[in-house]
>>> print(open('protein.csv').read())   # CSV, C-alpha atoms
chain,number,residue,atom,x,y,z
A,1,MET,CA,48.7,-87.8,-14.8
A,2,SER,CA,48.0,-91.5,-14.3
A,3,TYR,CA,46.8,-93.6,-17.3
A,4,ILE,CA,43.3,-94.1,-15.8
A,5,GLY,CA,43.2,-90.3,-15.2
A,6,ILE,CA,44.0,-89.7,-18.9
A,7,ILE,CA,41.2,-92.1,-20.0
A,8,ILE,CA,38.6,-90.5,-17.8
A,9,THR,CA,39.7,-87.0,-18.8
A,10,TYR,CA,39.4,-87.5,-22.5
A,11,VAL,CA,36.3,-89.7,-22.6
A,12,PHE,CA,34.2,-87.8,-20.1
A,13,ILE,CA,35.6,-84.6,-18.5
A,14,SER,CA,37.0,-82.9,-21.6
A,15,ASN,CA,35.1,-84.8,-24.2
A,16,PHE,CA,36.3,-83.7,-27.6
A,17,ILE,CA,32.9,-82.9,-29.0
A,18,LEU,CA,30.9,-81.8,-26.1
A,19,THR,CA,33.3,-79.6,-24.2
A,20,GLN,CA,36.1,-78.7,-26.7
A,21,PHE,CA,34.2,-78.5,-30.0
A,22,LEU,CA,36.7,-80.6,-31.9
A,23,GLY,CA,35.3,-82.8,-34.7
A,24,LEU,CA,31.9,-81.1,-34.9
A,25,CYS,CA,31.5,-81.4,-38.7
A,26,PRO,CA,31.5,-85.2,-38.8
A,27,PHE,CA,29.5,-85.2,-35.5
A,28,ILE,CA,26.7,-83.3,-37.1
A,29,GLY,CA,27.1,-84.7,-40.6
A,30,VAL,CA,27.4,-88.5,-40.0
A,31,SER,CA,25.1,-88.9,-37.0
A,32,LYS,CA,21.8,-89.5,-38.9
A,33,ASN,CA,21.8,-93.2,-38.3
A,34,VAL,CA,23.4,-95.4,-35.7
A,35,GLU,CA,25.3,-97.8,-38.0
A,36,SER,CA,27.3,-95.1,-39.8
A,37,ALA,CA,27.8,-93.2,-36.6
A,38,VAL,CA,29.5,-96.3,-35.0
A,39,GLY,CA,31.6,-96.9,-38.1
A,40,MET,CA,32.8,-93.3,-38.1
A,41,GLY,CA,33.4,-93.5,-34.3
A,42,PHE,CA,35.7,-96.5,-34.6
A,43,ALA,CA,37.5,-95.1,-37.6
A,44,VAL,CA,38.2,-91.9,-35.7
A,45,THR,CA,39.3,-93.8,-32.6
A,46,PHE,CA,41.7,-95.9,-34.6
A,47,VAL,CA,43.2,-92.9,-36.5
A,48,MET,CA,43.4,-90.7,-33.4
A,49,GLY,CA,45.4,-93.3,-31.4
A,50,LEU,CA,47.8,-93.9,-34.3
A,51,ALA,CA,48.2,-90.2,-35.2
A,52,SER,CA,48.8,-89.2,-31.6
A,53,LEU,CA,51.6,-91.8,-31.3
A,54,VAL,CA,53.2,-91.0,-34.7
A,55,THR,CA,53.1,-87.2,-34.3
A,56,TRP,CA,54.6,-87.7,-30.8
A,57,ALA,CA,57.6,-89.5,-32.3
A,58,ILE,CA,58.0,-86.9,-35.0
A,59,GLN,CA,57.9,-84.1,-32.5
A,60,PHE,CA,60.5,-85.5,-30.1
A,61,TYR,CA,62.8,-87.4,-32.5
A,62,ILE,CA,62.7,-85.1,-35.6
A,63,LEU,CA,61.3,-81.6,-35.0
A,64,ALA,CA,62.8,-80.9,-31.6
A,65,PRO,CA,66.3,-82.2,-32.1
A,66,LEU,CA,66.6,-80.3,-35.5
A,67,ASN,CA,65.2,-77.2,-33.9
A,68,VAL,CA,62.4,-76.8,-36.5
A,69,VAL,CA,59.4,-76.9,-34.2
A,70,PHE,CA,57.8,-74.1,-36.2
A,71,LEU,CA,57.2,-76.6,-38.9
A,72,GLN,CA,54.9,-78.5,-36.5
A,73,THR,CA,51.6,-77.6,-38.2
A,74,ILE,CA,52.7,-78.4,-41.7
A,75,THR,CA,54.4,-81.7,-40.7
A,76,PHE,CA,51.5,-82.9,-38.5
A,77,ILE,CA,48.8,-82.3,-41.1
A,78,LEU,CA,50.8,-84.0,-43.9
A,79,VAL,CA,51.7,-86.9,-41.7
A,80,ILE,CA,48.0,-87.3,-40.7
A,81,ALA,CA,46.9,-87.2,-44.3
A,82,ALA,CA,49.5,-89.8,-45.3
A,83,LEU,CA,48.7,-91.9,-42.3
A,84,VAL,CA,45.0,-92.0,-43.2
A,85,GLN,CA,45.8,-93.0,-46.7
A,86,PHE,CA,48.1,-95.7,-45.4
A,87,VAL,CA,45.6,-97.0,-42.9
A,88,GLU,CA,43.0,-97.2,-45.7
A,89,MET,CA,45.4,-99.3,-47.9
A,90,VAL,CA,46.4,-101.6,-45.1
A,91,ILE,CA,42.8,-102.2,-43.9
A,92,GLN,CA,41.7,-102.8,-47.5
A,93,LYS,CA,44.5,-105.5,-47.9
A,94,ILE,CA,44.3,-107.4,-44.6
A,95,ALA,CA,40.7,-106.9,-43.4
A,96,PRO,CA,38.2,-106.4,-46.3
A,97,PRO,CA,35.2,-106.7,-44.1
A,98,LEU,CA,36.5,-103.9,-41.8
A,99,TYR,CA,37.3,-101.9,-44.9
A,100,LYS,CA,33.8,-102.3,-46.1
A,101,ALA,CA,32.5,-101.0,-42.7
A,102,LEU,CA,35.0,-98.1,-42.2
A,103,GLY,CA,36.2,-97.4,-45.8
A,104,ILE,CA,34.0,-94.5,-46.8
A,105,TYR,CA,34.7,-92.7,-43.5
A,106,LEU,CA,38.5,-92.8,-43.7
A,107,PRO,CA,39.1,-90.1,-46.3
A,108,LEU,CA,36.8,-87.7,-44.3
A,109,ILE,CA,39.0,-88.1,-41.2
A,110,THR,CA,42.0,-86.1,-42.6
A,111,THR,CA,40.1,-82.8,-42.1
A,112,ASN,CA,38.6,-83.9,-38.8
A,113,CYS,CA,39.8,-81.2,-36.3
A,114,ALA,CA,39.8,-83.9,-33.5
A,115,VAL,CA,42.8,-85.8,-35.1
A,116,LEU,CA,45.1,-82.8,-35.5
A,117,GLY,CA,43.7,-81.5,-32.2
A,118,ILE,CA,44.8,-84.5,-30.2
A,119,ALA,CA,48.2,-84.5,-31.8
A,120,LEU,CA,48.7,-80.8,-30.8
A,121,ILE,CA,47.2,-81.2,-27.4
A,122,SER,CA,49.4,-84.3,-26.6
A,123,VAL,CA,52.5,-82.4,-27.6
A,124,ARG,CA,51.5,-79.3,-25.7
A,125,SER,CA,50.8,-81.3,-22.5
A,126,SER,CA,54.2,-83.0,-22.9
A,127,TYR,CA,52.9,-86.5,-22.6
A,128,ASN,CA,55.2,-89.5,-23.1
A,129,ALA,CA,54.6,-92.1,-25.9
A,130,ILE,CA,52.1,-94.2,-23.9
A,131,GLU,CA,50.2,-91.3,-22.6
A,132,SER,CA,49.9,-89.7,-26.1
A,133,PHE,CA,48.6,-93.0,-27.5
A,134,LEU,CA,46.2,-93.4,-24.6
A,135,ALA,CA,45.0,-89.8,-25.0
A,136,GLY,CA,44.4,-90.4,-28.7
A,137,ILE,CA,42.4,-93.6,-28.1
A,138,SER,CA,40.4,-92.1,-25.2
A,139,GLY,CA,39.7,-88.9,-27.3
A,140,GLY,CA,38.4,-91.2,-30.0
A,141,LEU,CA,36.3,-93.2,-27.6
A,142,GLY,CA,34.8,-90.0,-26.3
A,143,PHE,CA,33.9,-89.1,-29.9
A,144,LEU,CA,32.4,-92.5,-30.3
A,145,LEU,CA,30.4,-92.2,-27.2
A,146,ALA,CA,29.1,-88.7,-28.1
A,147,ILE,CA,28.2,-89.7,-31.7
A,148,LEU,CA,26.5,-92.9,-30.6
A,149,ILE,CA,24.3,-91.1,-28.2
A,150,MET,CA,23.6,-88.4,-30.7
A,151,SER,CA,22.7,-90.9,-33.5
A,152,THR,CA,20.2,-92.8,-31.3
A,153,ILE,CA,18.5,-89.6,-30.3
A,154,ARG,CA,18.4,-88.4,-34.0
A,155,GLU,CA,16.9,-91.7,-35.1
A,156,LYS,CA,14.1,-91.2,-32.5
A,157,LEU,CA,13.7,-87.5,-33.6
A,158,ASP,CA,12.9,-88.6,-37.1
A,159,SER,CA,9.5,-89.8,-36.0
A,160,GLU,CA,8.9,-86.8,-33.8
A,161,ASP,CA,7.0,-83.7,-34.8
A,162,VAL,CA,9.9,-81.2,-34.9
A,163,PRO,CA,9.0,-77.6,-35.8
A,164,LYS,CA,9.7,-77.0,-39.5
A,165,PHE,CA,12.7,-74.6,-39.2
A,166,PHE,CA,14.3,-76.7,-36.5
A,167,LYS,CA,14.4,-79.9,-38.6
A,168,ASN,CA,17.7,-81.6,-39.1
A,169,ILE,CA,20.7,-79.4,-38.2
A,170,PRO,CA,19.3,-76.9,-35.7
A,171,ILE,CA,17.6,-79.6,-33.6
A,172,ALA,CA,20.9,-81.6,-33.7
A,173,PHE,CA,22.8,-78.6,-32.3
A,174,ILE,CA,20.2,-78.1,-29.6
A,175,THR,CA,20.3,-81.8,-28.7
A,176,ALA,CA,24.1,-81.6,-28.6
A,177,GLY,CA,23.8,-78.6,-26.2
A,178,LEU,CA,21.6,-80.5,-23.9
A,179,MET,CA,24.0,-83.5,-24.0
A,180,SER,CA,26.9,-81.1,-23.2
A,181,MET,CA,24.9,-79.9,-20.1
A,182,ALA,CA,24.6,-83.5,-19.0
A,183,PHE,CA,28.3,-84.0,-19.5
A,184,MET,CA,29.0,-81.0,-17.3
A,185,ALA,CA,28.4,-83.4,-14.4
A,186,PHE,CA,31.8,-84.9,-15.2
A,187,ASP,CA,33.8,-82.3,-13.4
A,188,LYS,CA,37.6,-82.3,-12.6
A,189,ALA,CA,36.6,-82.9,-9.0
A,190,LEU,CA,35.5,-86.4,-10.2
A,191,LEU,CA,39.0,-87.2,-11.1
A,192,LYS,CA,40.3,-86.1,-7.6
A,193,ASN,CA,37.7,-88.2,-5.8
A,194,LEU,CA,38.3,-91.2,-8.0
A,195,ILE,CA,42.1,-91.4,-8.1
A,196,GLY,CA,43.2,-88.8,-5.6
B,1,MET,CA,31.7,-59.7,-60.3
B,2,ILE,CA,30.3,-58.0,-57.3
B,3,LYS,CA,28.2,-61.0,-56.7
B,4,GLU,CA,31.4,-63.1,-55.8
B,5,LEU,CA,32.1,-60.6,-53.1
B,6,THR,CA,28.7,-60.4,-51.5
B,7,LYS,CA,27.5,-64.0,-51.8
B,8,GLY,CA,29.6,-65.2,-48.8
B,9,ILE,CA,28.3,-62.6,-46.5
B,10,PHE,CA,24.7,-63.8,-46.4
B,11,ARG,CA,23.4,-65.9,-49.2
B,12,GLU,CA,26.2,-68.5,-49.0
B,13,ASN,CA,27.4,-67.7,-45.4
B,14,PRO,CA,29.9,-70.4,-44.6
B,15,ILE,CA,28.8,-70.9,-41.0
B,16,PHE,CA,25.0,-70.6,-41.1
B,17,ILE,CA,24.1,-71.6,-44.6
B,18,ILE,CA,26.8,-74.1,-45.7
B,19,VAL,CA,27.6,-75.1,-42.1
B,20,LEU,CA,31.4,-75.4,-42.5
B,21,GLY,CA,34.2,-74.5,-40.2
B,22,LEU,CA,32.2,-75.1,-37.0
B,23,CYS,CA,35.0,-76.1,-34.6
B,24,PRO,CA,36.7,-72.7,-34.6
B,25,ALA,CA,33.3,-70.9,-34.9
B,26,LEU,CA,32.1,-72.4,-31.6
B,27,GLY,CA,35.5,-72.9,-29.9
B,28,VAL,CA,36.6,-69.3,-29.9
B,29,SER,CA,33.3,-67.5,-29.6
B,30,SER,CA,33.2,-67.0,-25.9
B,31,LYS,CA,34.7,-63.5,-26.2
B,32,VAL,CA,34.3,-60.9,-29.0
B,33,ILE,CA,38.0,-60.1,-29.2
B,34,ASN,CA,38.8,-63.8,-29.7
B,35,ALA,CA,36.3,-64.0,-32.5
B,36,LEU,CA,37.8,-60.9,-34.2
B,37,GLY,CA,41.3,-62.4,-33.9
B,38,MET,CA,40.2,-65.7,-35.3
B,39,GLY,CA,38.3,-63.9,-38.1
B,40,ALA,CA,41.4,-61.9,-39.1
B,41,GLY,CA,43.5,-65.0,-39.2
B,42,VAL,CA,41.0,-66.9,-41.3
B,43,ILE,CA,40.6,-64.0,-43.8
B,44,PHE,CA,44.4,-63.7,-44.2
B,45,VAL,CA,44.8,-67.5,-44.8
B,46,LEU,CA,41.8,-67.7,-47.1
B,47,LEU,CA,42.9,-64.8,-49.2
B,48,SER,CA,46.5,-65.9,-49.5
B,49,SER,CA,45.6,-69.5,-50.3
B,50,ASN,CA,42.9,-68.5,-52.8
B,51,ILE,CA,45.4,-66.3,-54.6
B,52,LEU,CA,48.1,-68.9,-54.7
B,53,VAL,CA,45.8,-71.7,-55.7
B,54,SER,CA,44.2,-69.7,-58.5
B,55,LEU,CA,47.7,-68.7,-59.8
B,56,LEU,CA,49.1,-72.3,-59.6
B,57,LYS,CA,46.0,-74.1,-60.8
B,58,ASN,CA,47.5,-75.0,-64.2
B,59,PHE,CA,50.7,-76.3,-62.6
B,60,ILE,CA,49.3,-78.5,-59.9
B,61,PRO,CA,48.6,-82.0,-61.2
B,62,ASP,CA,45.0,-83.0,-60.6
B,63,LYS,CA,45.9,-86.2,-58.6
B,64,VAL,CA,47.9,-84.4,-55.9
B,65,ARG,CA,45.8,-81.3,-55.7
B,66,ILE,CA,44.3,-81.8,-52.2
B,67,PRO,CA,47.7,-82.4,-50.5
B,68,SER,CA,49.1,-79.4,-52.4
B,69,TYR,CA,46.3,-77.2,-51.2
B,70,ILE,CA,46.9,-78.5,-47.6
B,71,VAL,CA,50.6,-77.6,-47.8
B,72,ILE,CA,49.8,-74.1,-49.1
B,73,ILE,CA,47.2,-73.5,-46.4
B,74,ALA,CA,49.5,-74.9,-43.7
B,75,SER,CA,52.3,-72.6,-44.7
B,76,PHE,CA,50.1,-69.5,-44.3
B,77,VAL,CA,48.7,-70.8,-41.0
B,78,THR,CA,52.3,-71.1,-39.8
B,79,ILE,CA,52.8,-67.5,-40.7
B,80,VAL,CA,49.7,-66.4,-38.8
B,81,GLU,CA,50.8,-68.5,-35.8
B,82,MET,CA,54.3,-66.8,-35.8
B,83,VAL,CA,52.9,-63.3,-36.3
B,84,MET,CA,50.3,-63.7,-33.6
B,85,GLN,CA,52.7,-65.2,-31.1
B,86,ALA,CA,55.1,-62.2,-31.7
B,87,TYR,CA,52.7,-59.3,-31.8
B,88,SER,CA,49.7,-60.4,-29.6
B,89,PRO,CA,50.8,-63.2,-27.3
B,90,VAL,CA,47.6,-62.8,-25.1
B,91,LEU,CA,45.3,-63.5,-28.1
B,92,TYR,CA,47.6,-66.4,-29.2
B,93,LYS,CA,47.2,-67.9,-25.7
B,94,ASN,CA,43.5,-67.4,-25.6
B,95,LEU,CA,42.9,-69.0,-29.0
B,96,GLY,CA,45.3,-71.8,-28.0
B,97,VAL,CA,45.1,-74.9,-30.2
B,98,PHE,CA,42.5,-73.3,-32.5
B,99,VAL,CA,45.2,-71.2,-34.3
B,100,PRO,CA,47.0,-74.2,-35.8
B,101,LEU,CA,43.6,-75.8,-36.4
B,102,ILE,CA,42.9,-73.2,-39.0
B,103,VAL,CA,44.6,-75.7,-41.3
B,104,VAL,CA,41.6,-78.1,-41.1
B,105,ASN,CA,39.0,-75.3,-41.3
B,106,CYS,CA,36.8,-76.8,-44.0
B,107,VAL,CA,35.9,-73.3,-45.3
B,108,ILE,CA,39.5,-72.7,-46.6
B,109,LEU,CA,40.0,-76.0,-48.2
B,110,GLY,CA,36.5,-75.9,-49.5
B,111,ARG,CA,37.0,-72.5,-51.3
B,112,ALA,CA,40.3,-73.7,-52.8
B,113,GLU,CA,38.7,-76.9,-54.2
B,114,ALA,CA,35.3,-75.4,-55.2
B,115,PHE,CA,36.3,-72.0,-56.4
B,116,ALA,CA,39.9,-70.9,-56.7
B,117,ASN,CA,41.0,-73.9,-58.8
B,118,LYS,CA,38.3,-73.1,-61.4
B,119,ASN,CA,38.5,-69.3,-61.5
B,120,SER,CA,41.0,-66.6,-62.3
B,121,LEU,CA,42.8,-64.3,-59.9
B,122,LEU,CA,40.4,-61.5,-59.4
B,123,PRO,CA,37.2,-63.5,-58.8
B,124,SER,CA,39.2,-65.7,-56.4
B,125,ILE,CA,40.3,-62.7,-54.4
B,126,LEU,CA,36.8,-61.3,-54.2
B,127,ASP,CA,35.5,-64.8,-53.3
B,128,ALA,CA,38.0,-65.0,-50.5
B,129,ILE,CA,37.3,-61.6,-49.1
B,130,GLY,CA,33.5,-62.2,-49.2
B,131,MET,CA,33.7,-65.7,-47.7
B,132,GLY,CA,36.2,-64.6,-45.0
B,133,THR,CA,34.0,-61.6,-44.1
B,134,GLY,CA,30.9,-63.9,-43.9
B,135,PHE,CA,32.8,-66.3,-41.7
B,136,THR,CA,34.0,-63.5,-39.4
B,137,LEU,CA,30.5,-61.9,-39.2
B,138,GLY,CA,29.0,-65.3,-38.3
B,139,LEU,CA,31.6,-65.8,-35.6
B,140,LEU,CA,31.1,-62.3,-34.3
B,141,LEU,CA,27.3,-62.8,-34.1
B,142,ILE,CA,27.8,-65.9,-32.0
B,143,ALA,CA,30.4,-64.3,-29.8
B,144,LEU,CA,28.3,-61.1,-29.3
B,145,ILE,CA,25.3,-63.2,-28.1
B,146,ARG,CA,27.4,-65.5,-25.9
B,147,GLU,CA,29.6,-62.9,-24.3
B,148,THR,CA,26.7,-60.5,-23.6
B,149,LEU,CA,24.6,-63.1,-22.0
B,150,ALA,CA,27.4,-65.0,-20.2
B,151,SER,CA,29.3,-62.1,-18.6
B,152,GLY,CA,27.4,-58.9,-19.5
B,153,THR,CA,30.5,-57.5,-21.2
B,154,ILE,CA,31.7,-57.0,-24.8
B,155,THR,CA,35.5,-57.2,-25.0
B,156,LEU,CA,37.2,-55.2,-27.7
B,157,PHE,CA,40.6,-53.7,-28.3
B,158,ARG,CA,42.3,-51.4,-25.8
B,159,ILE,CA,42.3,-47.9,-27.4
B,160,GLY,CA,44.0,-45.1,-25.4
B,161,SER,CA,42.2,-44.6,-22.1
B,162,PHE,CA,39.4,-46.9,-23.1
B,163,ASN,CA,40.2,-50.3,-21.6
B,164,GLY,CA,38.4,-52.2,-24.3
B,165,ILE,CA,35.6,-53.6,-22.3
B,166,ILE,CA,32.0,-52.4,-22.7
B,167,THR,CA,29.8,-53.5,-19.8
B,168,ILE,CA,26.1,-53.9,-20.1
B,169,PRO,CA,24.1,-52.7,-17.1
B,170,GLY,CA,21.8,-55.3,-15.6
B,171,LEU,CA,23.4,-58.3,-17.2
B,172,VAL,CA,26.8,-57.8,-15.7
B,173,ASP,CA,25.4,-58.4,-12.1
B,174,SER,CA,23.3,-61.4,-13.1
B,175,PRO,CA,24.8,-63.1,-16.1
B,176,VAL,CA,23.5,-66.3,-17.6
B,177,ARG,CA,26.7,-68.3,-17.1
B,178,ILE,CA,25.6,-71.3,-19.2
B,179,PHE,CA,26.2,-69.3,-22.4
B,180,GLY,CA,29.8,-69.1,-21.6
B,181,MET,CA,30.1,-72.8,-21.5
B,182,ALA,CA,30.2,-75.4,-24.3
B,183,ALA,CA,26.5,-76.2,-23.9
B,184,GLY,CA,25.6,-72.5,-24.5
B,185,ALA,CA,27.6,-72.3,-27.7
B,186,LEU,CA,25.8,-75.3,-29.1
B,187,LEU,CA,22.4,-74.0,-28.1
B,188,VAL,CA,23.1,-70.5,-29.6
B,189,MET,CA,24.3,-72.2,-32.8
B,190,GLY,CA,21.1,-74.3,-33.0
B,191,TYR,CA,18.8,-71.4,-32.6
B,192,LEU,CA,20.7,-69.2,-35.0
B,193,LYS,CA,20.6,-71.9,-37.7
B,194,ALA,CA,16.9,-72.2,-37.2
B,195,PHE,CA,16.6,-68.5,-37.5
B,196,PHE,CA,18.5,-68.5,-40.8
B,197,ASN,CA,16.4,-71.4,-42.1
B,198,TRP,CA,13.3,-69.3,-41.4
B,199,TYR,CA,14.8,-66.2,-42.9
B,200,THR,CA,16.0,-67.8,-46.1
B,201,THR,CA,12.7,-69.6,-46.8
B,202,ARG,CA,10.8,-66.4,-46.1
B,203,ASN,CA,12.5,-64.6,-49.0
>>> encode(input="protein.csv", output="structure tokens")
Amino acid sequence: MSYIGIIITYVFISNFILTQFLGLCPFIGVSKNVESAVGMGFAVTFVMGLASLVTWAIQFYILAPLNVVFLQTITFILVIAALVQFVEMVIQKIAPPLYKALGIYLPLITTNCAVLGIALISVRSSYNAIESFLAGISGGLGFLLAILIMSTIREKLDSEDVPKFFKNIPIAFITAGLMSMAFMAFDKALLKNLIG
Amino acid sequence: MIKELTKGIFRENPIFIIVLGLCPALGVSSKVINALGMGAGVIFVLLSSNILVSLLKNFIPDKVRIPSYIVIIASFVTIVEMVMQAYSPVLYKNLGVFVPLIVVNCVILGRAEAFANKNSLLPSILDAIGMGTGFTLGLLLIALIRETLASGTITLFRIGSFNGIITIPGLVDSPVRIFGMAAGALLVMGYLKAFFNWYTTRN
């Protein structure tokens, strides 16, 4: 698939949240206000791009040559956990303002399904290094897009008269369902029409 | 003691009350058989990790406990992956990426951290069985609603001459396809959560 194709696929057509249900916990948990949603979105994008690239290298330079692909799950999750910790330390050292903005979201990302998800999906689709990295970044941007829309809607919902039992989580799910319906407009046919 | 077993099924149901482990809950709930397979996998991993964590709780240093739990969980997930691939390749293919993703199912890590590392073996086992069953029942409820509405069928195991598919007259000819898609899963989850909110405040 071309690079543009990968970007469109992961941002719109198979959006991680709205069509694949990966990363729902932070999507529901951290979408109450726009500021933290954007912070979480960028942190996830950053980690997903990096994780996708690093796990690609591990898969094709370590696991496959040594014939220990069955260790994939264990290795990937450990690498992601270590990577998140490392990213946290580096950002804290070289960019304190960025750390202040993203810091509290980083530890949460280890158990975000989207990160391990993109690592596994990239390997299973046998992407090359650049494609894996792009898929990671676009998956993250798709997450950012979804959580940004969601948080703006939820801020508006705060001042609306939502039925008592639908307050908070149920209405968030129903909103996400309606968003997902809107995203159904981005069909695979779109890709064909755009880039042939 | 019996409370540890029953609390996960309704009062502290991981999906509807605590709202954890949502990705697999929605991702594999388009068919009843997939939900059953996922539930069995989660119960096995949860039970094994709870047993191991509660036995090892005095040996694992506090500082590295989360990575240790993740390694324990990932090992059992790998076992599930290999067994599923060997004995039911169709199910393995249907569940796809969600099988290895059991590792990041917050329910499992959550029970290791919140229960198994503070309690002895027997309560941990009961807790795992209860929570695992609660998770599976939640998953099953979502899958039943979705599959019935989306295709008018309920897909179960193949037993003897019974092909494993129950069809529901009326719905099978005019299904509500949206429930089979991502949007339907999110809507069903929203309405069920609202129902559980209503039910728990009523008592």
>>> closest_residue(input="protein.csv", among="B:Phe179, B:Phe76, B:Gly184, B:Phe16", to="Trp198 in chain B", atoms="only C-alpha atoms")
B:Phe16
>>> atom_distance(input="protein.csv", atom1="CA of Asn15 in chain A", atom2="CA of Gly142 in chain A")
5.6 Å
>>> residues_around(input="protein.csv", residues="Met84 in chain B", least_positions_apart="6", cutoff="10 Å", atoms="all atoms listed in the file", output="NGL selection string")
:B and (37 or 41 or 78 or 90-93 or 99)
>>> residues_around(input="protein.csv", residues="Val11 in chain A", least_positions_apart="5", cutoff="8 Å", atoms="all atoms listed in the file", output="list in words")
Phe16, Ser138, Gly139, Gly140, Leu141, Gly142, Phe143 and Leu145 of chain A
>>> interface_residues(input="protein.csv", of="chain A", to="chain B", cutoff="8 Å", atoms="only C-alpha atoms", output="VMD selection string")
chain A and resid 18 to 25 70 to 71 73 to 74 77 to 78 81 111 to 113 116 to 117 120 to 121 165 to 166 169 to 174 176 to 181
>>> atom_distance(input="protein.csv", atom1="CA of Lys188 in chain A", atom2="CA of Ile13 in chain A")
6.6 Å
>>> residues_around(input="protein.csv", residues="Ile8 in chain A", least_positions_apart="6", cutoff="12 Å", atoms="all atoms listed in the file", output="VMD selection string")
chain A and resid 1 to 2 14 to 15 134 to 135 137 to 139 141 to 142 186 to 192 194 to 195
>>> write_last_selection(input="protein.csv", atoms="C-alpha atoms", output="mmCIF file, keeping the file's coordinate frame")
data_model
loop_
_atom_site.group_PDB
_atom_site.id
_atom_site.type_symbol
_atom_site.label_atom_id
_atom_site.label_comp_id
_atom_site.auth_asym_id
_atom_site.auth_seq_id
_atom_site.Cartn_x
_atom_site.Cartn_y
_atom_site.Cartn_z
ATOM 1 C CA MET A 1 48.700 -87.800 -14.800
ATOM 2 C CA SER A 2 48.000 -91.500 -14.300
ATOM 3 C CA SER A 14 37.000 -82.900 -21.600
ATOM 4 C CA ASN A 15 35.100 -84.800 -24.200
ATOM 5 C CA LEU A 134 46.200 -93.400 -24.600
ATOM 6 C CA ALA A 135 45.000 -89.800 -25.000
ATOM 7 C CA ILE A 137 42.400 -93.600 -28.100
ATOM 8 C CA SER A 138 40.400 -92.100 -25.200
ATOM 9 C CA GLY A 139 39.700 -88.900 -27.300
ATOM 10 C CA LEU A 141 36.300 -93.200 -27.600
ATOM 11 C CA GLY A 142 34.800 -90.000 -26.300
ATOM 12 C CA PHE A 186 31.800 -84.900 -15.200
ATOM 13 C CA ASP A 187 33.800 -82.300 -13.400
ATOM 14 C CA LYS A 188 37.600 -82.300 -12.600
ATOM 15 C CA ALA A 189 36.600 -82.900 -9.000
ATOM 16 C CA LEU A 190 35.500 -86.400 -10.200
ATOM 17 C CA LEU A 191 39.000 -87.200 -11.100
ATOM 18 C CA LYS A 192 40.300 -86.100 -7.600
ATOM 19 C CA LEU A 194 38.300 -91.200 -8.000
ATOM 20 C CA ILE A 195 42.100 -91.400 -8.100
#
>>> atom_distance(input="protein.csv", atom1="CA of Ser52 in chain A", atom2="CA of Ser122 in chain A")
7.0 Å
>>> residues_around(input="protein.csv", residues="Thr55 in chain A", least_positions_apart="4", cutoff="12 Å", atoms="all atoms listed in the file", output="number ranges by chain")
A: 47-51, 59-64, 72-83, 115-124, 127-129, 132-133, 136
>>> residues_around(input="protein.csv", residues="Phe10 in chain B", least_positions_apart="3", cutoff="12 Å", atoms="all atoms listed in the file", output="list in words")
Lys3, Glu4, Leu5, Thr6, Lys7, Asn13, Pro14, Ile15, Phe16, Ile17, Ile18, Gly130, Met131, Gly132, Thr133, Gly134, Phe135, Thr136, Leu137, Gly138, Phe196, Tyr199 and Thr200 of chain B
>>> closest_residue(input="protein.csv", among="B:Leu55, B:Ser48, B:Ile108, B:Ile2", to="Leu121 in chain B", atoms="only C-alpha atoms")
B:Leu55
>>> closest_residue(input="protein.csv", among="A:Ser151, A:Leu157, A:Met40, A:Leu53", to="Tyr105 in chain A", atoms="only C-alpha atoms")
A:Met40
>>> closest_residue(input="protein.csv", among="B:Leu122, B:Ala150, B:Ile129, B:Val32", to="Val45 in chain B", atoms="all atoms listed in the file")
B:Ile129
